[in-house]
$ cat target03.tsv   # TSV, C-alpha atoms
chain	number	residue	atom	x	y	z
Z	136	MET	CA	0.00	0.00	0.00
Z	137	LYS	CA	1.38	3.37	-0.99
Z	138	LYS	CA	1.64	5.94	1.78
Z	139	THR	CA	2.18	9.65	1.55
Z	140	LEU	CA	3.91	11.97	4.00
Z	141	VAL	CA	3.75	15.74	4.16
Z	142	ALA	CA	6.94	16.99	5.84
Z	143	TYR	CA	7.21	20.71	6.37
Z	144	PHE	CA	9.14	23.47	8.07
Z	145	SER	CA	7.22	26.58	9.06
Z	146	ALA	CA	8.73	29.49	10.94
Z	147	SER	CA	5.61	31.68	11.10
Z	148	GLY	CA	2.71	29.27	10.55
Z	149	THR	CA	2.00	30.08	6.89
Z	150	THR	CA	3.61	26.93	5.51
Z	151	ALA	CA	2.07	24.88	8.33
Z	152	HIS	CA	-1.40	25.94	7.19
Z	153	ALA	CA	-0.69	24.83	3.61
Z	154	ALA	CA	0.89	21.55	4.79
Z	155	LYS	CA	-2.10	20.65	6.93
Z	156	GLU	CA	-4.46	21.44	4.06
Z	157	ILE	CA	-2.46	19.20	1.70
Z	158	ALA	CA	-2.23	16.34	4.23
Z	159	LYS	CA	-5.97	16.43	4.89
Z	160	THR	CA	-6.82	16.56	1.19
Z	161	VAL	CA	-4.63	13.65	0.09
Z	162	GLY	CA	-4.94	11.55	3.27
Z	163	ALA	CA	-1.25	11.87	4.14
Z	164	ASP	CA	0.60	11.64	7.41
Z	165	LEU	CA	2.01	14.92	8.67
Z	166	TYR	CA	5.49	15.63	10.05
Z	167	GLU	CA	6.71	19.03	11.17
Z	168	ILE	CA	10.43	19.66	10.75
Z	169	CYS	CA	11.10	21.38	14.09
Z	170	PRO	CA	14.44	22.92	15.00
Z	171	THR	CA	15.88	21.96	18.38
Z	172	LYS	CA	16.23	25.69	18.99
Z	173	VAL	CA	13.01	27.51	18.02
Z	174	TYR	CA	13.40	30.59	15.83
Z	175	THR	CA	12.54	33.88	17.53
Z	176	ASP	CA	11.32	36.98	15.72
Z	177	ALA	CA	14.85	38.39	16.05
Z	178	ASP	CA	16.27	35.18	14.52
Z	179	LEU	CA	13.98	35.62	11.52
Z	180	ASP	CA	14.78	39.29	10.91
Z	181	TRP	CA	16.22	39.04	7.41
Z	182	THR	CA	17.11	42.74	7.44
Z	183	ASP	CA	19.60	42.10	10.27
Z	184	LYS	CA	22.86	40.82	8.77
Z	185	LYS	CA	23.67	39.18	12.13
Z	186	SER	CA	20.35	37.39	12.64
Z	187	ARG	CA	20.35	33.61	12.95
Z	188	SER	CA	18.46	33.06	9.69
Z	189	THR	CA	20.82	35.34	7.78
Z	190	ALA	CA	23.88	33.61	9.23
Z	191	GLU	CA	22.47	30.17	8.35
Z	192	MET	CA	21.58	31.14	4.81
Z	193	ASN	CA	24.99	32.73	4.23
Z	194	ASP	CA	26.64	29.40	5.12
Z	195	PRO	CA	25.77	26.68	2.57
Z	196	ALA	CA	27.23	24.03	4.90
Z	197	CYS	CA	25.01	25.02	7.84
Z	198	ARG	CA	22.69	22.24	8.98
Z	199	PRO	CA	20.45	23.31	11.89
Z	200	GLU	CA	19.60	20.40	14.17
Z	201	ILE	CA	16.11	18.90	13.99
Z	202	ALA	CA	14.15	17.84	17.08
Z	203	GLY	CA	12.68	14.41	16.40
Z	204	THR	CA	12.65	12.04	13.44
Z	205	VAL	CA	10.19	10.49	11.02
Z	206	GLU	CA	9.45	6.97	12.19
Z	207	ASN	CA	9.53	4.29	9.50
Z	208	ILE	CA	10.36	6.64	6.63
Z	209	GLU	CA	10.65	3.56	4.41
Z	210	GLN	CA	6.85	3.14	4.48
Z	211	TYR	CA	6.35	6.31	2.42
Z	212	ASP	CA	6.45	6.22	-1.37
Z	213	THR	CA	5.61	9.89	-1.81
Z	214	VAL	CA	6.80	12.80	0.31
Z	215	PHE	CA	5.63	16.37	-0.05
Z	216	ILE	CA	8.35	18.73	1.25
Z	217	GLY	CA	7.08	22.14	2.38
Z	218	PHE	CA	8.94	25.28	3.42
Z	219	PRO	CA	9.01	29.06	3.19
Z	220	ILE	CA	11.39	30.50	0.59
Z	221	TRP	CA	14.42	32.09	2.27
Z	222	TRP	CA	16.98	33.86	0.13
Z	223	TYR	CA	15.46	32.29	-3.03
Z	224	VAL	CA	15.89	28.70	-1.77
Z	225	GLU	CA	14.75	26.38	1.01
Z	226	PRO	CA	15.88	27.07	4.60
Z	227	ARG	CA	18.98	25.11	5.66
Z	228	ILE	CA	16.94	23.02	8.13
Z	229	VAL	CA	15.16	21.50	5.12
Z	230	ASP	CA	18.59	20.44	3.83
Z	231	THR	CA	19.20	18.81	7.23
Z	232	PHE	CA	15.95	16.88	6.80
Z	233	LEU	CA	16.71	15.76	3.25
Z	234	GLU	CA	20.20	14.60	4.20
Z	235	SER	CA	18.90	12.66	7.21
Z	236	TYR	CA	17.06	9.99	5.21
Z	237	ASP	CA	17.49	7.90	2.08
Z	238	PHE	CA	14.95	9.14	-0.45
Z	239	SER	CA	16.28	7.02	-3.33
Z	240	GLY	CA	13.39	5.98	-5.57
Z	241	LYS	CA	10.80	7.92	-3.58
Z	242	THR	CA	8.65	10.58	-5.22
Z	243	LEU	CA	9.40	13.98	-3.69
Z	244	ILE	CA	7.14	16.96	-4.32
Z	245	PRO	CA	8.24	20.38	-3.08
Z	246	PHE	CA	5.83	23.13	-2.13
Z	247	ALA	CA	6.63	26.52	-0.72
Z	248	THR	CA	5.18	29.76	0.55
Z	249	SER	CA	6.70	33.09	-0.33
Z	250	GLY	CA	6.04	36.77	-0.25
Z	251	GLY	CA	7.55	37.30	-3.66
Z	252	SER	CA	10.23	34.80	-4.66
Z	253	GLY	CA	9.58	31.85	-6.95
Z	254	ILE	CA	10.31	28.19	-6.20
Z	255	GLY	CA	12.77	27.58	-9.06
Z	256	GLY	CA	15.96	28.16	-7.08
Z	257	ALA	CA	14.75	25.87	-4.32
Z	258	GLU	CA	13.82	23.11	-6.76
Z	259	LYS	CA	17.34	23.15	-8.22
Z	260	SER	CA	18.89	23.06	-4.74
Z	261	LEU	CA	16.60	20.27	-3.52
Z	262	ARG	CA	17.46	18.04	-6.49
Z	263	GLU	CA	21.15	18.47	-5.68
Z	264	HIS	CA	20.54	17.19	-2.13
Z	265	CYS	CA	18.57	14.13	-3.23
Z	266	PRO	CA	19.58	13.28	-6.81
Z	267	LYS	CA	18.31	9.68	-6.56
Z	268	ALA	CA	14.74	10.73	-5.72
Z	269	ASN	CA	12.01	11.07	-8.33
Z	270	TRP	CA	11.26	14.79	-8.20
Z	271	LYS	CA	7.97	16.24	-9.38
Z	272	GLN	CA	7.63	19.91	-10.20
Z	273	GLY	CA	6.91	22.01	-7.16
Z	274	ARG	CA	4.70	25.00	-6.66
Z	275	LEU	CA	4.18	28.04	-4.51
Z	276	VAL	CA	1.04	27.38	-2.50
Z	277	ASN	CA	0.20	30.73	-0.99
Z	278	SER	CA	-3.35	29.68	-1.91
Z	279	GLY	CA	-4.96	26.67	-3.55
Z	280	ALA	CA	-2.77	24.06	-1.84
Z	281	ALA	CA	-5.44	21.36	-1.66
Z	282	ALA	CA	-6.47	21.49	-5.32
Z	283	TRP	CA	-2.84	21.50	-6.45
Z	284	ALA	CA	-1.93	18.52	-4.23
Z	285	LYS	CA	-4.80	16.47	-5.65
Z	286	SER	CA	-3.82	17.31	-9.22
Z	287	VAL	CA	-0.14	16.48	-8.73
Z	288	LEU	CA	-1.08	13.04	-7.40
Z	289	GLY	CA	-3.54	12.51	-10.25
Z	290	GLU	CA	-6.57	12.39	-7.99
$ encode --input "target03.tsv" --output "structure tokens"
Amino acid sequence: MKKTLVAYFSASGTTAHAAKEIAKTVGADLYEICPTKVYTDADLDWTDKKSRSTAEMNDPACRPEIAGTVENIEQYDTVFIGFPIWWYVEPRIVDTFLESYDFSGKTLIPFATSGGSGIGGAEKSLREHCPKANWKQGRLVNSGAAAWAKSVLGE
């Protein structure tokens, strides 16, 4: 039996809303990618060159630690990966998640929320982290997440 997982990182709740909508619509399990150290408003201040998020995004090797793991990841054939766009790509904690599991042969479907940036840069980056996965084209889901999720799965 094929199972679907919606794994997401959400710093402000916007991506969480979309992830929950997708999971409910396609009957998927839900997993929140939570940092061991929660981001504060000051950490997320992208205008501050010394903020935590800016420092992480300026260091391509940065891998923020995740609190918790996905149990039995092997049971999932399809994994939606959700995140906000930071600096035109996925946040580094999403890279931590992708590098923590073997996604070879699994279908991965990115979705993102953004105030203005597209998902193209993130899609390129994600493929580099998991080249043996079967990637489907992603989408910004600032609205219409449920309908898009159904269409991408052919439902």
$ closest_residue --input "target03.tsv" --among "Z:Val229, Z:Val287, Z:Ala190, Z:Ile254" --to "Ala142 of chain Z" --atoms "all atoms listed in the file"
Z:Val229
$ closest_residue --input "target03.tsv" --among "Z:Leu140, Z:Ala154, Z:Ala177, Z:Ile244" --to "Asn207 of chain Z" --atoms "only C-alpha atoms"
Z:Leu140
$ closest_residue --input "target03.tsv" --among "Z:Ile208, Z:Ala151, Z:Asp164, Z:Arg227" --to "Arg187 of chain Z" --atoms "all atoms listed in the file"
Z:Arg227
$ atom_distance --input "target03.tsv" --atom1 "atom CA of Ile228 of chain Z" --atom2 "atom CA of Thr213 of chain Z"
20.0 Å
$ closest_residue --input "target03.tsv" --among "Z:Ser278, Z:Thr189, Z:Ser239, Z:Gln272" --to "Glu209 of chain Z" --atoms "only C-alpha atoms"
Z:Ser239
$ atom_distance --input "target03.tsv" --atom1 "atom CA of Gly217 of chain Z" --atom2 "atom CA of Pro170 of chain Z"
14.6 Å
$ closest_residue --input "target03.tsv" --among "Z:Ala196, Z:Arg274, Z:Ser186, Z:Ala202" --to "Lys172 of chain Z" --atoms "only C-alpha atoms"
Z:Ala202
$ residues_around --input "target03.tsv" --residues "Gly279 of chain Z" --least-positions-apart "6" --cutoff "12 Å" --atoms "all atoms listed in the file" --output "list in words"
His152, Ala153, Ala154, Glu156, Ile157, Thr160, Phe246, Ala247, Thr248, Lys285 and Ser286 of chain Z
$ atom_distance --input "target03.tsv" --atom1 "atom CA of Ala146 of chain Z" --atom2 "atom CA of Asn269 of chain Z"
26.9 Å
$ closest_residue --input "target03.tsv" --among "Z:Ile220, Z:Ala158, Z:Val276, Z:Ala268" --to "Gly251 of chain Z" --atoms "all atoms listed in the file"
Z:Ile220
$ residues_around --input "target03.tsv" --residues "Ser252 of chain Z" --least-positions-apart "6" --cutoff "9 Å" --atoms "all atoms listed in the file" --output "ChimeraX atom specification"
/Z:220-224
